[in-house]
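Reproduced below: upload.cif, with mmCIF, C-alpha atoms.
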data_query
loop_
_atom_site.label_atom_id
_atom_site.label_comp_id
_atom_site.auth_asym_id
_atom_site.auth_seq_id
_atom_site.Cartn_x
_atom_site.Cartn_y
_atom_site.Cartn_z
CA MET L 11 49.48 5.27 -4.92
CA PRO L 12 49.57 8.05 -2.30
CA GLN L 13 52.94 8.97 -0.81
CA PHE L 14 51.70 8.52 2.76
CA ALA L 15 49.56 5.84 4.35
CA PHE L 16 48.37 8.61 6.63
CA GLU L 17 49.26 12.17 7.57
CA ILE L 18 48.23 13.75 10.85
CA LYS L 19 48.65 17.49 11.24
CA ASP L 20 48.16 19.09 14.63
CA VAL L 21 45.32 16.73 15.50
CA SER L 22 43.49 16.95 18.81
CA LYS L 23 40.56 14.91 20.02
CA ARG L 24 38.35 15.77 22.95
CA TYR L 25 35.82 13.56 24.75
CA GLY L 26 33.80 15.81 27.03
CA GLN L 27 36.40 17.63 29.15
CA HIS L 28 39.16 15.11 28.47
CA TRP L 29 41.70 15.55 25.68
CA ALA L 30 42.49 12.05 24.36
CA LEU L 31 44.94 13.45 21.78
CA ALA L 32 46.60 16.85 21.84
CA ARG L 33 48.30 18.53 18.87
CA LEU L 34 49.58 15.30 17.39
CA SER L 35 51.49 15.38 14.11
CA TYR L 36 52.91 12.37 12.34
CA SER L 37 53.14 10.85 8.84
CA LEU L 38 53.63 7.23 7.86
CA PRO L 39 54.97 6.58 4.36
CA ALA L 40 52.86 4.18 2.29
CA GLY L 41 53.90 0.56 2.64
CA LYS L 42 55.65 1.15 5.97
CA SER L 43 54.68 -0.22 9.36
CA LEU L 44 54.41 1.65 12.62
CA LEU L 45 54.60 0.43 16.18
CA LEU L 46 52.32 2.53 18.37
CA THR L 47 53.14 2.38 22.06
CA GLY L 48 52.06 4.18 25.19
CA HIS L 49 50.53 3.58 28.58
CA ASN L 50 46.86 2.80 29.04
CA GLY L 51 44.83 5.91 28.21
CA SER L 52 47.64 7.49 26.18
CA GLY L 53 45.43 7.77 23.10
CA LYS L 54 46.47 4.72 21.04
CA THR L 55 42.97 3.36 20.51
CA THR L 56 41.57 6.83 19.81
CA LEU L 57 44.22 7.35 17.14
CA LEU L 58 43.48 3.98 15.55
CA ARG L 59 39.73 4.67 15.54
CA MET L 60 40.36 8.03 13.91
CA LEU L 61 42.52 6.41 11.23
CA ALA L 62 39.70 3.92 10.64
CA THR L 63 37.27 6.89 10.22
CA SER L 64 35.18 5.68 13.11
CA THR L 65 35.64 9.03 14.80
CA PHE L 66 37.12 12.34 13.69
CA PRO L 67 39.51 15.00 15.02
CA THR L 68 38.13 17.83 17.11
CA PHE L 69 40.89 20.02 15.67
CA GLY L 70 43.52 19.48 13.01
CA THR L 71 43.53 17.55 9.76
CA MET L 72 44.00 13.89 9.07
CA THR L 73 44.41 12.21 5.70
CA VAL L 74 44.38 8.47 5.13
CA LEU L 75 45.62 7.07 1.82
CA GLY L 76 45.75 10.62 0.50
CA ARG L 77 42.18 11.58 1.41
CA ASP L 78 40.72 13.68 4.21
CA THR L 79 39.06 11.36 6.71
CA ARG L 80 36.05 13.55 7.36
CA GLN L 81 35.30 14.35 3.75
CA ALA L 82 36.14 11.03 2.11
CA ARG L 83 35.24 8.47 4.75
CA ASP L 84 33.11 6.43 2.33
CA GLU L 85 36.09 6.03 -0.02
CA ILE L 86 38.57 5.33 2.78
CA ARG L 87 36.56 2.72 4.68
CA PRO L 88 36.78 -0.13 2.13
CA GLU L 89 40.57 0.24 2.10
CA VAL L 90 41.20 0.29 5.85
CA ALA L 91 40.68 -2.56 8.32
CA LEU L 92 40.67 -2.27 12.09
CA LEU L 93 41.37 -5.20 14.38
CA SER L 94 40.04 -3.82 17.62
CA HIS L 95 39.65 -4.81 21.29
CA ALA L 96 36.00 -5.42 20.43
CA SER L 97 35.40 -8.40 18.18
CA PHE L 98 32.85 -6.54 15.98
CA LEU L 99 30.83 -9.76 15.80
CA TYR L 100 27.15 -10.56 16.20
CA GLU L 101 26.96 -13.02 19.08
CA ASP L 102 23.97 -14.93 17.75
CA LEU L 103 25.43 -15.48 14.29
CA SER L 104 28.09 -18.06 13.54
CA ALA L 105 31.62 -17.16 12.45
CA ARG L 106 30.68 -18.12 8.89
CA GLN L 107 27.53 -15.98 8.95
CA ASN L 108 29.43 -13.01 10.39
CA LEU L 109 32.02 -13.28 7.63
CA ARG L 110 29.42 -13.70 4.90
CA LEU L 111 27.60 -10.64 6.19
CA LEU L 112 30.74 -8.54 5.77
CA ALA L 113 31.47 -10.14 2.39
CA SER L 114 27.99 -9.37 1.09
CA LEU L 115 28.20 -5.76 2.37
CA MET L 116 31.51 -5.39 0.54
CA GLY L 117 30.08 -6.98 -2.62
CA ILE L 118 32.69 -9.73 -2.78
CA ALA L 119 32.01 -12.16 -5.61
CA ASP L 120 31.92 -15.82 -4.60
CA ALA L 121 31.56 -14.81 -0.95
CA LYS L 122 30.75 -18.33 0.23
CA LYS L 123 33.98 -19.83 -1.10
CA VAL L 124 36.13 -16.94 0.12
CA CYS L 125 34.61 -17.09 3.63
CA ASP L 126 34.98 -20.87 3.83
CA GLU L 127 38.66 -20.54 2.93
CA LEU L 128 39.17 -17.91 5.61
CA ILE L 129 37.40 -20.03 8.23
CA THR L 130 39.79 -22.84 7.35
CA ARG L 131 42.77 -20.49 7.51
CA VAL L 132 41.96 -19.36 11.05
CA HIS L 133 41.35 -22.97 12.13
CA LEU L 134 37.65 -22.67 12.91
CA ASN L 135 36.44 -25.39 10.56
CA THR L 136 34.82 -27.55 13.19
CA ARG L 137 33.17 -24.66 15.07
CA GLY L 138 32.51 -22.32 12.16
CA ASP L 139 28.75 -22.84 12.25
CA ASN L 140 28.33 -22.42 16.01
CA PRO L 141 27.08 -19.07 17.31
CA VAL L 142 29.89 -16.72 18.33
CA ARG L 143 28.31 -16.60 21.81
CA GLU L 144 29.80 -20.07 22.39
CA TYR L 145 33.36 -19.04 21.40
CA SER L 146 36.30 -18.37 23.68
CA ALA L 147 38.06 -15.00 23.53
CA GLY L 148 40.83 -16.50 21.41
CA MET L 149 38.37 -17.91 18.90
CA ARG L 150 36.63 -14.54 18.61
CA LYS L 151 40.01 -13.00 17.90
CA ARG L 152 40.53 -15.54 15.12
CA VAL L 153 37.21 -14.58 13.51
CA ALA L 154 38.23 -10.93 13.82
CA ILE L 155 41.47 -11.79 12.00
CA ALA L 156 39.45 -13.49 9.26
CA ARG L 157 37.39 -10.28 8.95
CA LEU L 158 40.59 -8.29 8.51
CA LEU L 159 41.85 -10.67 5.84
CA LEU L 160 38.52 -10.51 4.04
CA LYS L 161 38.90 -6.76 3.65
CA ALA L 162 42.39 -7.10 2.10
CA PRO L 163 43.14 -3.56 3.28
CA LYS L 164 45.73 -1.04 2.09
CA LEU L 165 46.07 0.13 5.70
CA ALA L 166 45.72 -2.41 8.52
CA LEU L 167 45.22 -1.12 12.07
CA LEU L 168 45.95 -3.71 14.74
CA ASP L 169 45.03 -2.84 18.32
CA GLU L 170 46.65 -5.33 20.73
CA PRO L 171 46.51 -8.14 18.15
CA PHE L 172 48.34 -10.68 20.35
CA GLY L 173 45.91 -10.44 23.25
CA GLU L 174 43.79 -13.57 23.91
CA LEU L 175 45.74 -15.66 21.41
CA ASP L 176 47.46 -18.92 22.36
CA PRO L 177 51.19 -19.39 21.52
CA GLN L 178 50.33 -20.93 18.16
CA GLY L 179 47.95 -18.06 17.45
CA ILE L 180 50.65 -15.51 18.31
CA LEU L 181 53.05 -17.14 15.85
CA GLU L 182 50.35 -17.09 13.20
CA MET L 183 49.62 -13.43 13.93
CA GLU L 184 53.31 -12.62 13.47
CA ALA L 185 53.27 -14.50 10.17
CA LEU L 186 50.16 -12.60 9.15
CA ILE L 187 51.82 -9.25 9.89
CA ALA L 188 54.84 -10.32 7.82
CA GLU L 189 52.51 -11.38 5.01
CA LEU L 190 50.66 -8.05 5.05
CA LYS L 191 53.97 -6.18 4.95
CA ALA L 192 55.22 -8.31 2.06
CA LYS L 193 52.06 -7.41 0.13
CA GLY L 194 52.84 -3.72 0.64
CA THR L 195 50.05 -3.13 3.15
CA SER L 196 50.73 -0.18 5.44
CA LEU L 197 50.35 -1.22 9.02
CA VAL L 198 49.91 0.28 12.47
CA LEU L 199 50.47 -2.06 15.39
CA ALA L 200 49.47 -0.89 18.86
CA THR L 201 50.82 -3.11 21.60
CA HIS L 202 52.51 -3.12 24.99
CA LEU L 203 54.84 -5.91 23.82
CA ILE L 204 57.50 -3.46 22.65
CA GLU L 205 60.31 -5.86 21.73
CA GLN L 206 57.99 -8.09 19.73
CA GLY L 207 56.43 -5.04 18.08
CA GLN L 208 59.80 -3.50 17.16
CA ARG L 209 60.84 -6.75 15.51
CA LEU L 210 57.77 -6.60 13.28
CA THR L 211 57.64 -2.90 12.36
CA ASP L 212 59.75 -0.18 10.72
CA GLU L 213 59.02 2.85 12.92
CA ARG L 214 57.88 3.55 16.45
CA LEU L 215 55.66 6.29 17.80
CA HIS L 216 55.33 6.53 21.57
CA LEU L 217 52.34 8.45 22.92
CA GLN L 218 52.30 10.14 26.31
CA ALA L 219 48.97 11.50 27.49
CA GLY L 220 47.82 12.07 23.94
CA ARG L 221 51.02 13.78 22.76
CA VAL L 222 54.02 12.53 20.82
CA GLY L 223 56.42 11.21 23.45
CA GLU L 224 59.11 9.78 21.22
CA VAL L 225 59.63 8.85 17.56
CA THR L 226 62.26 6.29 16.56
CA MET A 3 34.37 -6.19 -5.59
CA ASN A 4 31.03 -4.71 -6.49
CA PRO A 5 29.58 -2.92 -3.44
CA PRO A 6 25.78 -3.29 -3.21
CA GLY A 7 23.48 -0.31 -3.65
CA LEU A 8 21.04 1.09 -1.11
CA LEU A 9 18.26 -1.45 -1.67
CA LYS A 10 20.52 -4.50 -1.68
CA THR A 11 22.31 -3.27 1.48
CA THR A 12 18.91 -2.68 3.10
CA TRP A 13 17.98 -6.26 2.27
CA ILE A 14 21.27 -7.55 3.73
CA VAL A 15 20.71 -5.65 7.00
CA PHE A 16 17.06 -6.79 7.16
CA LYS A 17 18.08 -10.40 6.49
CA LYS A 18 20.76 -10.20 9.19
CA ASP A 19 18.25 -8.99 11.79
CA MET A 20 15.78 -11.70 10.80
CA GLN A 21 18.52 -14.33 10.88
CA ILE A 22 19.45 -13.32 14.44
CA GLU A 23 15.80 -13.29 15.48
CA TRP A 24 15.12 -16.68 13.91
CA ARG A 25 18.24 -18.20 15.45
CA THR A 26 17.24 -17.32 19.01
CA ARG A 27 13.55 -16.41 18.75
CA ALA A 28 14.17 -14.90 22.19
CA ARG A 29 12.83 -11.48 21.31
CA LEU A 30 9.59 -12.69 19.69
CA ASN A 31 8.89 -15.13 22.53
CA ALA A 32 9.50 -12.45 25.18
CA LEU A 33 7.38 -9.91 23.31
CA LEU A 34 4.52 -12.34 22.86
CA PHE A 35 4.55 -13.24 26.54
CA PHE A 36 4.70 -9.59 27.59
CA ALA A 37 1.92 -8.52 25.20
CA VAL A 38 -0.38 -11.38 26.29
CA ALA A 39 0.28 -10.55 29.94
CA THR A 40 -0.59 -6.88 29.25
CA LEU A 41 -3.82 -7.85 27.47
CA LEU A 42 -4.74 -10.10 30.38
CA LEU A 43 -4.09 -7.32 32.89
CA PHE A 44 -6.39 -4.99 30.95
CA TYR A 45 -9.00 -7.74 30.80
CA PHE A 46 -8.97 -8.20 34.55
CA ALA A 47 -8.76 -4.45 35.25
CA ILE A 48 -11.83 -3.58 33.18
CA GLY A 49 -14.12 -6.00 35.00
CA GLY A 50 -16.88 -8.07 33.45
CA ASP A 51 -18.95 -5.50 31.53
CA PRO A 52 -19.13 -6.85 27.94
CA GLY A 53 -20.04 -3.44 26.43
CA THR A 54 -17.03 -1.68 27.96
CA MET A 55 -14.77 -4.56 26.98
CA ARG A 56 -15.85 -4.42 23.34
CA LYS A 57 -15.43 -0.64 23.19
CA SER A 58 -11.95 -0.83 24.70
CA ALA A 59 -10.64 -3.85 22.76
CA GLY A 60 -8.88 -1.81 20.04
CA GLY A 61 -7.25 0.47 22.60
CA PHE A 62 -6.00 -2.41 24.70
CA LEU A 63 -4.66 -4.26 21.67
CA TRP A 64 -2.64 -1.21 20.65
CA LEU A 65 -1.42 -0.42 24.15
CA ALA A 66 -0.13 -3.99 24.47
CA LEU A 67 1.62 -3.60 21.12
CA PHE A 68 2.91 -0.17 22.02
CA PHE A 69 4.49 -1.29 25.29
CA SER A 70 5.92 -4.41 23.65
CA SER A 71 7.43 -2.33 20.88
CA VAL A 72 9.50 -0.37 23.42
CA LEU A 73 11.11 -3.62 24.55
CA SER A 74 11.55 -4.79 20.98
CA LEU A 75 13.15 -1.57 19.74
CA SER A 76 15.50 -1.41 22.69
CA GLU A 77 16.61 -4.99 22.05
CA SER A 78 17.01 -4.26 18.34
CA PHE A 79 19.87 -1.83 19.05
CA ARG A 80 21.33 -3.77 21.94
CA LEU A 81 22.41 -6.31 19.31
CA GLU A 82 24.30 -3.55 17.54
CA THR A 83 26.12 -2.21 20.59
CA GLU A 84 27.26 -5.64 21.79
CA ASN A 85 30.86 -6.06 20.55
CA PHE A 86 30.52 -2.71 18.73
CA ALA A 87 28.83 -4.48 15.83
CA LEU A 88 27.29 -1.22 14.61
CA GLU A 89 30.77 0.29 14.32
CA ALA A 90 31.76 -2.72 12.23
CA LEU A 91 28.72 -2.18 10.00
CA ARG A 92 29.66 1.47 9.52
CA LEU A 93 33.28 0.65 8.69
CA ALA A 94 32.37 -2.24 6.35
CA PRO A 95 31.29 0.25 4.89
CA THR A 96 27.49 0.28 5.02
CA SER A 97 25.26 3.22 4.21
CA PRO A 98 23.68 4.44 7.48
CA ARG A 99 20.45 4.96 5.54
CA ALA A 100 20.43 1.32 4.51
CA VAL A 101 20.98 0.40 8.17
CA PHE A 102 17.93 2.51 9.06
CA LEU A 103 15.74 1.01 6.33
CA GLY A 104 16.81 -2.55 7.10
CA LYS A 105 16.34 -2.26 10.84
CA ALA A 106 13.08 -0.29 10.61
CA ALA A 107 11.69 -2.87 8.16
CA ALA A 108 12.71 -5.71 10.49
CA ASN A 109 11.13 -3.91 13.46
CA SER A 110 7.95 -3.29 11.45
CA LEU A 111 7.67 -6.93 10.48
CA LEU A 112 8.23 -8.14 14.02
CA SER A 113 5.65 -5.73 15.40
CA TRP A 114 3.14 -6.69 12.70
CA VAL A 115 3.59 -10.42 13.32
CA LEU A 116 3.09 -9.78 17.03
CA ALA A 117 -0.06 -7.76 16.29
CA LEU A 118 -1.46 -10.57 14.14
CA ALA A 119 -0.75 -13.07 16.90
CA LEU A 120 -2.61 -10.89 19.42
CA VAL A 121 -5.77 -10.53 17.31
CA PRO A 122 -7.26 -13.97 18.17
CA LEU A 123 -6.54 -13.34 21.85
CA THR A 124 -8.21 -9.94 21.67
CA VAL A 125 -11.25 -11.54 20.03
CA ALA A 126 -11.37 -14.20 22.75
CA PHE A 127 -10.78 -11.90 25.74
CA PHE A 128 -12.95 -8.94 24.72
CA ASP A 129 -15.73 -10.69 22.81
CA VAL A 130 -15.36 -8.76 19.53
CA SER A 131 -15.92 -9.94 15.98
CA ILE A 132 -13.53 -9.49 13.04
CA LYS A 133 -15.49 -11.53 10.53
CA GLU A 134 -16.20 -8.65 8.18
CA GLY A 135 -13.04 -6.66 8.60
CA VAL A 136 -10.05 -8.99 8.34
CA PRO A 137 -8.29 -7.31 5.35
CA ARG A 138 -8.86 -3.83 6.84
CA LEU A 139 -7.65 -4.98 10.24
CA VAL A 140 -4.50 -6.49 8.70
CA LEU A 141 -3.92 -3.17 6.89
CA ALA A 142 -4.48 -1.10 10.05
CA LEU A 143 -2.08 -3.28 12.01
CA ALA A 144 0.53 -3.02 9.25
CA LEU A 145 0.26 0.79 9.02
CA GLY A 146 0.32 1.14 12.81
CA SER A 147 3.36 -1.14 13.09
CA THR A 148 5.35 0.80 10.47
CA ALA A 149 4.32 4.07 12.17
CA ILE A 150 5.92 2.85 15.40
CA ALA A 151 9.00 1.35 13.73
CA ALA A 152 10.39 4.36 11.84
CA PRO A 153 10.66 6.89 14.69
CA GLY A 154 11.22 4.03 17.14
CA THR A 155 14.33 2.87 15.26
CA VAL A 156 15.80 6.38 15.31
CA TYR A 157 15.04 6.90 18.99
CA SER A 158 16.38 3.50 19.99
CA ALA A 159 19.63 4.40 18.18
CA ILE A 160 19.75 7.70 20.09
CA ALA A 161 18.98 6.04 23.42
CA THR A 162 21.30 3.11 22.93
CA ASN A 163 24.40 4.79 24.36
CA ALA A 164 22.59 6.60 27.15
CA ARG A 165 23.02 5.44 30.71
CA ALA A 166 19.27 5.16 31.37
CA ARG A 167 18.48 3.68 27.96
CA ASP A 168 15.37 1.79 29.01
CA VAL A 169 13.82 4.89 30.58
CA LEU A 170 14.92 7.30 27.88
CA LEU A 171 13.49 5.37 24.95
CA PRO A 172 9.79 5.57 25.96
CA LEU A 173 10.27 9.18 27.07
CA LEU A 174 11.50 10.07 23.58
CA MET A 175 9.14 7.82 21.67
CA PHE A 176 5.76 8.25 23.29
CA PRO A 177 5.16 11.96 22.58
CA VAL A 178 6.01 11.54 18.90
CA LEU A 179 3.88 8.43 18.51
CA ILE A 180 0.72 9.74 20.18
CA PRO A 181 -0.92 10.83 16.87
CA SER A 182 -0.24 7.43 15.30
CA LEU A 183 -1.51 5.68 18.43
CA ILE A 184 -4.76 7.66 18.31
CA ALA A 185 -5.21 6.79 14.63
CA SER A 186 -4.33 3.11 15.16
CA VAL A 187 -6.73 2.76 18.11
CA SER A 188 -9.53 4.62 16.33
CA SER A 189 -9.30 2.64 13.10
CA THR A 190 -9.03 -0.69 14.94
CA THR A 191 -11.96 0.17 17.24
CA LEU A 192 -14.11 1.02 14.20
CA ILE A 193 -13.14 -2.23 12.49
CA LEU A 194 -13.93 -4.30 15.58
CA GLY A 195 -17.04 -2.43 16.69
CA GLY A 196 -18.61 -1.25 13.44
CA ASP A 197 -18.24 1.97 11.47
CA PRO A 198 -21.68 3.58 10.98
CA MET A 199 -20.22 7.03 10.10
CA ASN A 200 -17.58 5.70 7.65
CA GLN A 201 -14.70 7.26 9.58
CA MET A 202 -12.31 4.37 9.41
CA GLY A 203 -10.94 5.28 5.97
CA ASP A 204 -9.91 8.71 7.27
CA TRP A 205 -8.00 7.19 10.18
CA LEU A 206 -6.22 4.75 7.87
CA LEU A 207 -5.36 7.67 5.57
CA PHE A 208 -3.99 9.56 8.59
CA LEU A 209 -1.81 6.57 9.48
CA PHE A 210 -0.60 6.35 5.90
CA LEU A 211 0.29 10.07 5.91
CA PHE A 212 2.05 9.70 9.27
CA ASN A 213 4.23 7.02 7.69
CA LEU A 214 4.69 9.16 4.57
CA VAL A 215 6.09 11.99 6.70
CA TYR A 216 8.10 10.05 9.30
CA TRP A 217 9.85 7.45 7.14
CA PRO A 218 11.59 10.04 4.90
CA VAL A 219 12.39 12.30 7.89
CA CYS A 220 13.92 9.40 9.84
CA PHE A 221 15.73 8.20 6.70
CA LEU A 222 17.37 11.62 6.38
CA VAL A 223 18.14 12.07 10.08
CA PHE A 224 19.50 8.60 10.87
CA PRO A 225 23.09 9.07 9.56
CA LYS A 226 23.55 11.99 11.98
CA VAL A 227 22.48 9.70 14.81
CA ILE A 228 24.94 6.87 14.21
CA GLU A 229 27.88 8.63 12.59
CA ASP A 230 30.40 10.48 14.74
CA ASP A 231 30.97 13.88 13.17
#
Give the structure from this file in structure tokens form.
Amino acid sequence: MPQFAFEIKDVSKRYGQHWALARLSYSLPAGKSLLLTGHNGSGKTTLLRMLATSTFPTFGTMTVLGRDTRQARDEIRPEVALLSHASFLYEDLSARQNLRLLASLMGIADAKKVCDELITRVHLNTRGDNPVREYSAGMRKRVAIARLLLKAPKLALLDEPFGELDPQGILEMEALIAELKAKGTSLVLATHLIEQGQRLTDERLHLQAGRVGEVT
Amino acid sequence: MNPPGLLKTTWIVFKKDMQIEWRTRARLNALLFFAVATLLLFYFAIGGDPGTMRKSAGGFLWLALFFSSVLSLSESFRLETENFALEALRLAPTSPRAVFLGKAAANSLLSWVLALALVPLTVAFFDVSIKEGVPRLVLALALGSTAIAAPGTVYSAIATNARARDVLLPLLMFPVLIPSLIASVSSTTLILGGDPMNQMGDWLLFLFLFNLVYWPVCFLVFPKVIEDD
């Protein structure tokens, strides 16, 4: 078990002429949870995508679960799950088919049973075979949550997880975060709902224009 | 968990593309309509001279396929950019090379099926006979389809994030595919119109070699195209 869920040393990320992150350093101990806050465009999503190994630092080093993201992305990816603004779903496949696709790519044994259980857990039983194109934003979010659960990650990255969910869904998301923490999953929660986020996490990192604004 | 190897992952990606296609059948229907419309336009443009029509049949068949393939390849990656599904595939994780093989195989199959559907129409419009060359024609169409699909899949991945995607894709694709187009048209014309000099085998061999070069090159290059380094 690595000491840190992730370690960021002097990391900067540039898109064209714009610096999304600038000389950011931070470490999250394994098993801990972090609340990531900041205004729109402060670099929260970029940081989460970098932790998920979807993109990489322009400068600086970043390790996730003890491994360098650039060099060991293939080893890191099965152990990290990102719940993003985008649903990551194929619109013309059903929720069940989308989940089974991920399960088969991960090589999960008994994928059908596992996916059916997850569909039940996120309350999509009756609509699970309809194409995602017919789903509301909240339902898409529920499928995305099922995808995250399917991965059973060591590091869960949640980007605005409460958005689009109804009150019942929000309560369930809170319960899910508590469940992940109880299992020892390291967690990063990016949200504008600061009070709610602080209640659910151990540490807080506030970003300001891609730099560390405040750590509590 | 037992992550699948390259071939199994390729099959999963191929199956996913086919599943999406079968569920909507939108792409195949649109391609068929577009290709038939193109063939008809050529038919009307060439006039009523039977000799010219027969000589041009192979060329028109391949041009219709070629133009349709641009639409098909563009649509193939639009599916992946919608909801950032390609990012999800990468993070699953999935080998980018398996993504290439799966998508290129699906594009090849779609193009080949379209080509087979156009053959009876070509026979009817341009008054050509395929009685003695069906197996060779099927082979030529298969080799020509795979020749378009491999570089086409890479270029559609490159063009997918560009602002002028629909313009960029043919601009990138056409120059690279000209040799395969010449070979496809030549072999098909010889099959449809007779091959007194026994040249058709050479054109089919050229198409085979084109595939032999481009599939491995595209297989090696593709990860650089879809991975952010």
Quiz item: Exactly which residues make up the result of the PyMOL selection byres ((chain A and resi 105) around 12) on this file, given as an MDAnalysis selection string?
Solution: chainID A and resid 11:20 23 74:79 81:82 88 98:104 106:112 148 151:156 158:159 220:221 224
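In terms of minimum interatomic distance to Glu189 (chain L), L:Leu159 ranks closest within L:Arg110, L:Asp176, L:Arg214, L:Leu159, counting only C-alpha atoms.
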Against chain L, which residues of chain A fall within 8 Å? For each one I want the closest pair of atoms and the distance in Å (one decimal), counting only C-alpha atoms, rows by chain and increasing residue number, as a Markdown table.
| residue | atom | partner | partner_atom | distance |
| --- | --- | --- | --- | --- |
| A:Met3 | CA | L:Ile118 | CA | 4.8 |
| A:Asn4 | CA | L:Gly117 | CA | 4.6 |
| A:Pro5 | CA | L:Gly117 | CA | 4.2 |
| A:Pro6 | CA | L:Gly117 | CA | 5.7 |
| A:Thr11 | CA | L:Leu115 | CA | 6.5 |
| A:Ile14 | CA | L:Leu115 | CA | 7.3 |
| A:Lys18 | CA | L:Leu111 | CA | 7.5 |
| A:Gln21 | CA | L:Leu103 | CA | 7.8 |
| A:Ile22 | CA | L:Asp102 | CA | 5.8 |
| A:Arg25 | CA | L:Asp102 | CA | 7.0 |
| A:Thr26 | CA | L:Asp102 | CA | 7.3 |
| A:Leu81 | CA | L:Tyr100 | CA | 7.1 |
| A:Glu82 | CA | L:Tyr100 | CA | 7.7 |
| A:Glu84 | CA | L:Tyr100 | CA | 7.4 |
| A:Asn85 | CA | L:Phe98 | CA | 5.0 |
| A:Phe86 | CA | L:Phe98 | CA | 5.3 |
| A:Ala87 | CA | L:Phe98 | CA | 4.5 |
| A:Leu88 | CA | L:Phe98 | CA | 7.8 |
| A:Glu89 | CA | L:Ser64 | CA | 7.1 |
| A:Ala90 | CA | L:Phe98 | CA | 5.5 |
| A:Leu91 | CA | L:Leu112 | CA | 7.9 |
| A:Arg92 | CA | L:Ser64 | CA | 7.8 |
| A:Leu93 | CA | L:Arg87 | CA | 5.6 |
| A:Ala94 | CA | L:Pro88 | CA | 6.5 |
| A:Pro95 | CA | L:Arg87 | CA | 5.8 |
| A:Thr96 | CA | L:Leu115 | CA | 6.6 |
| A:Glu229 | CA | L:Ser64 | CA | 7.9 |
| A:Asp230 | CA | L:Thr65 | CA | 5.4 |
| A:Asp231 | CA | L:Phe66 | CA | 6.4 |
Practice problem: Tell me, as a ChimeraX atom specification, which residues lie within 10 Å of Pro122 (chain A), counting only C-alpha atoms; anything in the same chain fewer than 5 positions away does not count. | Solution: /A:117,127,130-132
Take the residues just selected and output them with C-alpha atoms as a PDB file, keeping the file's coordinate frame.
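Saved the output as out_21.pdb:
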ATOM      1  CA  ALA A 117      -0.060  -7.760  16.290  1.00  0.00           C
ATOM      2  CA  PHE A 127     -10.780 -11.900  25.740  1.00  0.00           C
ATOM      3  CA  VAL A 130     -15.360  -8.760  19.530  1.00  0.00           C
ATOM      4  CA  SER A 131     -15.920  -9.940  15.980  1.00  0.00           C
ATOM      5  CA  ILE A 132     -13.530  -9.490  13.040  1.00  0.00           C
TER       6      ILE A 132
END
Quiz prompt | Separation of CA of Gly148 (chain L) from CA of Ser43 (chain L) in Å | solution =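 CA of Ser43 (chain L) sits 24.5 Å away from CA of Gly148 (chain L).
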Self-check item: Separation of CA of Ala105 (chain L) from CA of Glu127 (chain L) in Å
Solution: 12.3 Å
Self-check item: Surrounding residues of Arg33 (chain L) excluding itself and chain neighbours under 4 positions, 10 Å, all atoms listed in the file, as a PyMOL selection string
Solution: chain L and resi 18-23+29+69-70+220-222
Emit as JSON the padded axis-aligned box for all listed atoms of region 99-114 of chain A, 4 Å per side, with centre and edge lengths in Å to one decimal.
{"center_x": 12.1, "center_y": -1.6, "center_z": 10.0, "size_x": 25.8, "size_y": 21.1, "size_z": 18.9}
Self-check item: Picked residues, the PyMOL selection byres ((chain A and resi 211) around 12), as a PyMOL selection string
Solution: chain A and resi 145-146+148-149+181-182+185+204-210+212-218
Filtering to C-alpha atoms, could you give me those residues as an mmCIF file, in the coordinates of the input?
data_model
loop_
_atom_site.group_PDB
_atom_site.id
_atom_site.type_symbol
_atom_site.label_atom_id
_atom_site.label_comp_id
_atom_site.auth_asym_id
_atom_site.auth_seq_id
_atom_site.Cartn_x
_atom_site.Cartn_y
_atom_site.Cartn_z
ATOM 1 C CA LEU A 145 0.260 0.790 9.020
ATOM 2 C CA GLY A 146 0.320 1.140 12.810
ATOM 3 C CA THR A 148 5.350 0.800 10.470
ATOM 4 C CA ALA A 149 4.320 4.070 12.170
ATOM 5 C CA PRO A 181 -0.920 10.830 16.870
ATOM 6 C CA SER A 182 -0.240 7.430 15.300
ATOM 7 C CA ALA A 185 -5.210 6.790 14.630
ATOM 8 C CA ASP A 204 -9.910 8.710 7.270
ATOM 9 C CA TRP A 205 -8.000 7.190 10.180
ATOM 10 C CA LEU A 206 -6.220 4.750 7.870
ATOM 11 C CA LEU A 207 -5.360 7.670 5.570
ATOM 12 C CA PHE A 208 -3.990 9.560 8.590
ATOM 13 C CA LEU A 209 -1.810 6.570 9.480
ATOM 14 C CA PHE A 210 -0.600 6.350 5.900
ATOM 15 C CA PHE A 212 2.050 9.700 9.270
ATOM 16 C CA ASN A 213 4.230 7.020 7.690
ATOM 17 C CA LEU A 214 4.690 9.160 4.570
ATOM 18 C CA VAL A 215 6.090 11.990 6.700
ATOM 19 C CA TYR A 216 8.100 10.050 9.300
ATOM 20 C CA TRP A 217 9.850 7.450 7.140
ATOM 21 C CA PRO A 218 11.590 10.040 4.900
#
